[in-house]
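Below you'll find the structure, written out as structure tokens, and then a few comments.
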Amino acid sequence: MTLVSGWGRFPVVDTDILRPRSFEAVGEAVAGASGTVARGNGRAYGDAGIGAIRTIAMTGFDRVRSFDPATGRIRLEAGVLLSDLIDTFGPRGFLPFVVPGTRFVSIGGAIAADVHGKNHHCEGGFGRYVDSILLRTGRGETIEVSREQDSDAFFATVGGMGLTGVILEATIRLRPVETGWIRERVVSASDLDAAMRALDAGDSATYSVAWIDCAARGSDLGRSLIYLGEHAGRAELPDGADAFPLGKDPGLAVPVDLPSMTLNRYSIRAFNELYYRMGARRAGGSHLVSLFPYFFPLDSISAWNRIYGRRGFLQHQCVIPEQGARDVLGDILERISRRGDASFLAVLKKLGQGDGILSFPLPGYTLALDFPIRGDILNFLDEIDRLVVTAGGRLYLAKDARQSRATFEAGYPALQRFKAIRKSLDPAGKIRSRLSQRLFDEVQP
């Protein structure tokens, strides 16, 4: 048995790690015992990528099977990382349509979580650009699923957190681009109302995201920096600029777990004040930014999760429907500000409708917050959950490590449909994760 956690380093649990070398061996691992789930690169924050008993490590399946430059369609194994995909095909003029906040996620994980990026409001999530999936089910079959072929299994797998079976391969579409640069415009918002107006005004932008100052109080509550972006063409680059700068290995690293006292109300308030002032100076004009700092700012720091100390941290990411979102978001930010241990990593975005049966997005605003695990944080997040549920919102399963069944069931009205499809694909319940034990599986008497 091996101690394993997600990126948040909570919870830490025992599991057997299996490293099969062939798809046949993956099938044998699934058939061998109940309580198995696939794991990509371990970037889910909580317990989604940890098997109830055994965990299948998939990063060894990292081959590209085929690529058609005429259509941008690529067939690849589930363990391929987005970072490798970007580095290999970016210089050829192709990038993924959707990327999350880190490039170090696997293709299988991106499908299972139906990850979203800064463009969900206008272009949807990762699953929208998946044409087909090769899936090893709990009933012992390897099947190809798509929107046209076994569509129920396809839409249950997109956003299904690996619980319909092990994703082996997928065919996805890539976006043709001229460069690896983003034309960025920064908008400074003095409070939450201004931030939400700026995001609404940015609906026509391909990419939009707000960093929000959770330490701000009073008339400054919710002050933000909004980053709007478009892909830059070759004609926009200065002479001599590399059209496709490659991703670099992290230049900085957090070598040890920092003391829990490092993140306190004073350090976070000081950091947020400095960050806001520096960003506000750049507001107004357009700037060219490499895709790596624009999409993946934290990837420049290796093991940044150690900043929160050895006990780890929790990310709380919710989505609130548009109607009434202002009041709910304001209430959440007020409560965080009063606590004094506000997140310095806080993101506000707009989302559209998700594609998968259990996909997280719905039309509204999503707020993502990080909290070190200490004090009464679990009780506090339960309070926030109640606000989210009352507003008709829900929490993102790829970031979750602690929500209750009641919160989950209230937020995902299509759950019973998902359970029925999952049962048809896995009647014996072979595929089970720690997350499914906590939220999906039948409670044992």
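By order in the structure tokens, chains are A, B, ...; within a chain, residues start at 1; ligands start at 1, following the order shown.
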
Legend entry - Leu95 of chain A environment, 7 Å, only C-alpha atoms, sequence neighbours closer than 5 positions dropped, as a list of chain:residue names: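 Near Leu95 of chain A, the qualifying residues are A:Ile86, A:Phe89, A:Gly90, A:Leu174, A:Arg175, A:Pro176, A:Val177.
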
Inset, instruction - Check segment 15-240 of chain A with DSSP on the backbone and list each residue it calls helix (DSSP H, G or I), as number ranges by chain. - result: A: 23-32, 82-89, 107-112, 120-123, 126-129, 151-157, 192-204, 218-220, 234-236

Inset, instruction - To one decimal in Å, tell me the separation between atom CA of Gly108 of chain A and atom CA of Val166 of chain A. - result: 8.5 Å

Inset, instruction - Apply DSSP to the structure's backbone, then extract all residues of segment 77-278 of chain A labelled strand (DSSP E or B) and return them as a ChimeraX atom specification. - result: /A:77,81,94-96,106,130-136,142-146,166-176,181-189,207-212,224-231,252-253

Take the residues from that selection and put them in a file with N, CA and C atoms, as a compact mmCIF listing (two decimals), in the first residue's frame.
# COMPACT_ATOMS: atom_id res chain seq x y z
N GLU A 77 -3.26 8.54 -26.53
CA GLU A 77 -3.54 7.77 -25.33
C GLU A 77 -3.84 8.70 -24.17
N LEU A 81 0.17 14.23 -21.52
CA LEU A 81 -0.06 15.46 -20.77
C LEU A 81 -0.32 16.63 -21.72
N PHE A 94 -1.00 24.39 -33.77
CA PHE A 94 -2.21 23.83 -33.16
C PHE A 94 -2.09 23.83 -31.64
N LEU A 95 -3.19 24.20 -30.98
CA LEU A 95 -3.25 24.18 -29.53
C LEU A 95 -4.59 23.59 -29.10
N PRO A 96 -4.69 23.06 -27.88
CA PRO A 96 -6.00 22.61 -27.39
C PRO A 96 -6.99 23.77 -27.36
N SER A 106 -3.38 15.19 -17.52
CA SER A 106 -3.45 14.21 -18.60
C SER A 106 -4.71 14.40 -19.42
N VAL A 130 -14.00 16.76 -27.79
CA VAL A 130 -13.69 15.33 -27.81
C VAL A 130 -14.65 14.66 -28.78
N ASP A 131 -14.11 13.96 -29.77
CA ASP A 131 -14.96 13.29 -30.76
C ASP A 131 -15.31 11.86 -30.36
N SER A 132 -14.36 11.17 -29.75
CA SER A 132 -14.63 9.79 -29.34
C SER A 132 -13.69 9.38 -28.22
N ILE A 133 -14.09 8.35 -27.48
CA ILE A 133 -13.33 7.86 -26.34
C ILE A 133 -13.28 6.34 -26.39
N LEU A 134 -12.10 5.78 -26.20
CA LEU A 134 -11.95 4.34 -26.04
C LEU A 134 -11.96 4.05 -24.55
N LEU A 135 -12.96 3.25 -24.12
CA LEU A 135 -13.24 3.09 -22.69
C LEU A 135 -13.21 1.61 -22.31
N ARG A 136 -12.50 1.29 -21.23
CA ARG A 136 -12.54 -0.05 -20.64
C ARG A 136 -13.53 -0.01 -19.48
N THR A 142 -14.12 -3.37 -23.88
CA THR A 142 -13.46 -2.17 -24.37
C THR A 142 -14.32 -1.62 -25.49
N ILE A 143 -14.88 -0.42 -25.29
CA ILE A 143 -15.84 0.12 -26.24
C ILE A 143 -15.42 1.51 -26.69
N GLU A 144 -15.80 1.84 -27.92
CA GLU A 144 -15.60 3.18 -28.46
C GLU A 144 -16.92 3.93 -28.33
N VAL A 145 -16.89 5.09 -27.68
CA VAL A 145 -18.12 5.85 -27.47
C VAL A 145 -17.94 7.25 -28.06
N SER A 146 -19.03 7.82 -28.54
CA SER A 146 -19.02 9.15 -29.12
C SER A 146 -20.42 9.74 -29.01
N VAL A 166 -12.21 3.06 -17.42
CA VAL A 166 -10.88 3.63 -17.62
C VAL A 166 -10.79 4.17 -19.05
N ILE A 167 -10.51 5.46 -19.18
CA ILE A 167 -10.29 6.06 -20.49
C ILE A 167 -8.92 5.62 -20.99
N LEU A 168 -8.91 4.95 -22.14
CA LEU A 168 -7.66 4.44 -22.71
C LEU A 168 -7.10 5.38 -23.77
N GLU A 169 -7.96 5.80 -24.69
CA GLU A 169 -7.57 6.68 -25.78
C GLU A 169 -8.71 7.65 -26.04
N ALA A 170 -8.39 8.70 -26.79
CA ALA A 170 -9.44 9.64 -27.20
C ALA A 170 -9.03 10.31 -28.50
N THR A 171 -10.01 10.71 -29.27
CA THR A 171 -9.80 11.56 -30.44
C THR A 171 -10.36 12.92 -30.11
N ILE A 172 -9.51 13.95 -30.19
CA ILE A 172 -9.92 15.30 -29.86
C ILE A 172 -9.57 16.23 -31.02
N ARG A 173 -10.14 17.44 -30.98
CA ARG A 173 -9.84 18.44 -32.00
C ARG A 173 -8.96 19.53 -31.40
N LEU A 174 -7.98 19.96 -32.19
CA LEU A 174 -7.10 21.05 -31.79
C LEU A 174 -7.46 22.32 -32.56
N ARG A 175 -7.12 23.45 -31.96
CA ARG A 175 -7.41 24.76 -32.55
C ARG A 175 -6.23 25.22 -33.42
N PRO A 176 -6.48 25.62 -34.68
CA PRO A 176 -5.40 26.21 -35.46
C PRO A 176 -5.09 27.62 -34.97
N TRP A 181 1.15 33.36 -28.69
CA TRP A 181 1.05 34.58 -27.90
C TRP A 181 -0.42 34.99 -27.73
N ILE A 182 -0.70 35.65 -26.63
CA ILE A 182 -2.03 36.15 -26.32
C ILE A 182 -1.98 37.68 -26.24
N ARG A 183 -2.90 38.33 -26.91
CA ARG A 183 -3.06 39.78 -26.79
C ARG A 183 -3.97 40.04 -25.59
N GLU A 184 -3.37 40.53 -24.53
CA GLU A 184 -4.05 40.67 -23.25
C GLU A 184 -4.41 42.14 -22.97
N ARG A 185 -5.60 42.32 -22.40
CA ARG A 185 -6.01 43.64 -21.92
C ARG A 185 -6.43 43.49 -20.46
N VAL A 186 -5.93 44.36 -19.61
CA VAL A 186 -6.21 44.31 -18.17
C VAL A 186 -7.20 45.41 -17.82
N VAL A 187 -8.23 45.04 -17.07
CA VAL A 187 -9.22 45.99 -16.57
C VAL A 187 -9.16 45.98 -15.05
N SER A 188 -9.05 47.14 -14.45
CA SER A 188 -9.04 47.26 -13.00
C SER A 188 -10.46 47.55 -12.52
N ALA A 189 -10.95 46.78 -11.56
CA ALA A 189 -12.30 46.95 -11.02
C ALA A 189 -12.19 47.28 -9.54
N TYR A 207 -11.15 34.96 -24.18
CA TYR A 207 -10.73 34.57 -22.83
C TYR A 207 -11.00 35.70 -21.86
N SER A 208 -11.55 35.36 -20.70
CA SER A 208 -11.75 36.36 -19.65
C SER A 208 -11.68 35.67 -18.30
N VAL A 209 -11.02 36.33 -17.36
CA VAL A 209 -10.87 35.81 -16.01
C VAL A 209 -10.54 36.97 -15.08
N ALA A 210 -10.97 36.87 -13.84
CA ALA A 210 -10.67 37.91 -12.87
C ALA A 210 -9.91 37.32 -11.69
N TRP A 211 -8.83 37.98 -11.31
CA TRP A 211 -8.22 37.74 -9.99
C TRP A 211 -8.95 38.65 -9.02
N ILE A 212 -9.40 38.11 -7.92
CA ILE A 212 -10.21 38.88 -6.98
C ILE A 212 -9.51 38.95 -5.63
N SER A 224 -10.91 43.78 -8.12
CA SER A 224 -10.39 42.72 -8.98
C SER A 224 -9.56 43.28 -10.12
N LEU A 225 -8.82 42.38 -10.72
CA LEU A 225 -8.15 42.63 -12.00
C LEU A 225 -8.71 41.64 -13.01
N ILE A 226 -9.25 42.14 -14.10
CA ILE A 226 -9.85 41.29 -15.12
C ILE A 226 -8.89 41.21 -16.29
N TYR A 227 -8.63 40.00 -16.74
CA TYR A 227 -7.69 39.76 -17.83
C TYR A 227 -8.47 39.22 -19.03
N LEU A 228 -8.53 40.02 -20.11
CA LEU A 228 -9.20 39.62 -21.33
C LEU A 228 -8.13 39.27 -22.37
N GLY A 229 -8.38 38.24 -23.17
CA GLY A 229 -7.34 37.79 -24.09
C GLY A 229 -7.87 37.29 -25.41
N GLU A 230 -7.02 37.43 -26.44
CA GLU A 230 -7.27 36.89 -27.78
C GLU A 230 -5.98 36.31 -28.31
N HIS A 231 -6.08 35.31 -29.18
CA HIS A 231 -4.88 34.78 -29.82
C HIS A 231 -4.30 35.83 -30.77
N LEU A 252 11.28 28.26 -10.38
CA LEU A 252 11.29 28.34 -8.93
C LEU A 252 10.69 27.08 -8.35
N ALA A 253 11.00 26.80 -7.10
CA ALA A 253 10.44 25.63 -6.44
C ALA A 253 10.25 25.94 -4.96

Legend entry - Distance criterion (only C-alpha atoms): nearest to Leu3 of chain A out of A:Glu28, A:Gly51, A:Arg43, A:Ile307: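 Among the listed residues, A:Gly51 lies closest to Leu3 of chain A.
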
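With distances restricted to only C-alpha atoms, A:Asp152 is the closest residue to Ala420 of chain A from A:Ala195, A:Gln353, A:Thr366, A:Asp152.
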
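In this comparison, which uses only C-alpha atoms, the residue of A:Arg92, A:Val4, A:Ala398, A:Thr407 approaching Ala70 of chain A most closely is A:Arg92.
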
Inset, instruction - For Pro427 of chain A, please output as a PyMOL selection string all residues within 9 Å (counting only C-alpha atoms; exclusion window: fewer than 5 positions along the same chain). - result: chain A and resi 138-139+422

Those residues you just picked out, can you put them in a file as a PDB file, in the first residue's frame with C-alpha atoms?
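And here is the file that came out, out_3.pdb:
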ATOM      1  CA  GLY A 138     -16.252  -2.499 -15.392  1.00  0.00           C
ATOM      2  CA  ARG A 139     -18.259  -5.166 -17.206  1.00  0.00           C
ATOM      3  CA  ARG A 422     -22.782   3.862 -14.671  1.00  0.00           C
TER       4      ARG A 422
END

Inset, instruction - Could you give me, as a PyMOL selection string, the residues within 9 Å of Phe292 of chain A, counting only C-alpha atoms and dropping anything in the same chain fewer than 4 positions from it? - result: chain A and resi 103+180-181+245-248+296-297+299-300

Legend entry - Within 8 Å of Ser66 of chain A using only C-alpha atoms, minus same-chain residues under 6 positions, as a list of chain:residue names: A:Ile74, A:Arg75, A:Leu76

Legend entry - Selected residue, from A:Gly162, A:Gly8, A:Gly233, A:Gly49, that lies nearest to Gly309 of chain A when counting only C-alpha atoms: A:Gly8

Inset, instruction - For each of A:Thr88, A:Ser83, A:Thr164, A:Thr55, take the minimum atom-to-atom distance to Gly429 of chain A, counting only C-alpha atoms, then give the residue where this is smallest. - result: A:Thr164
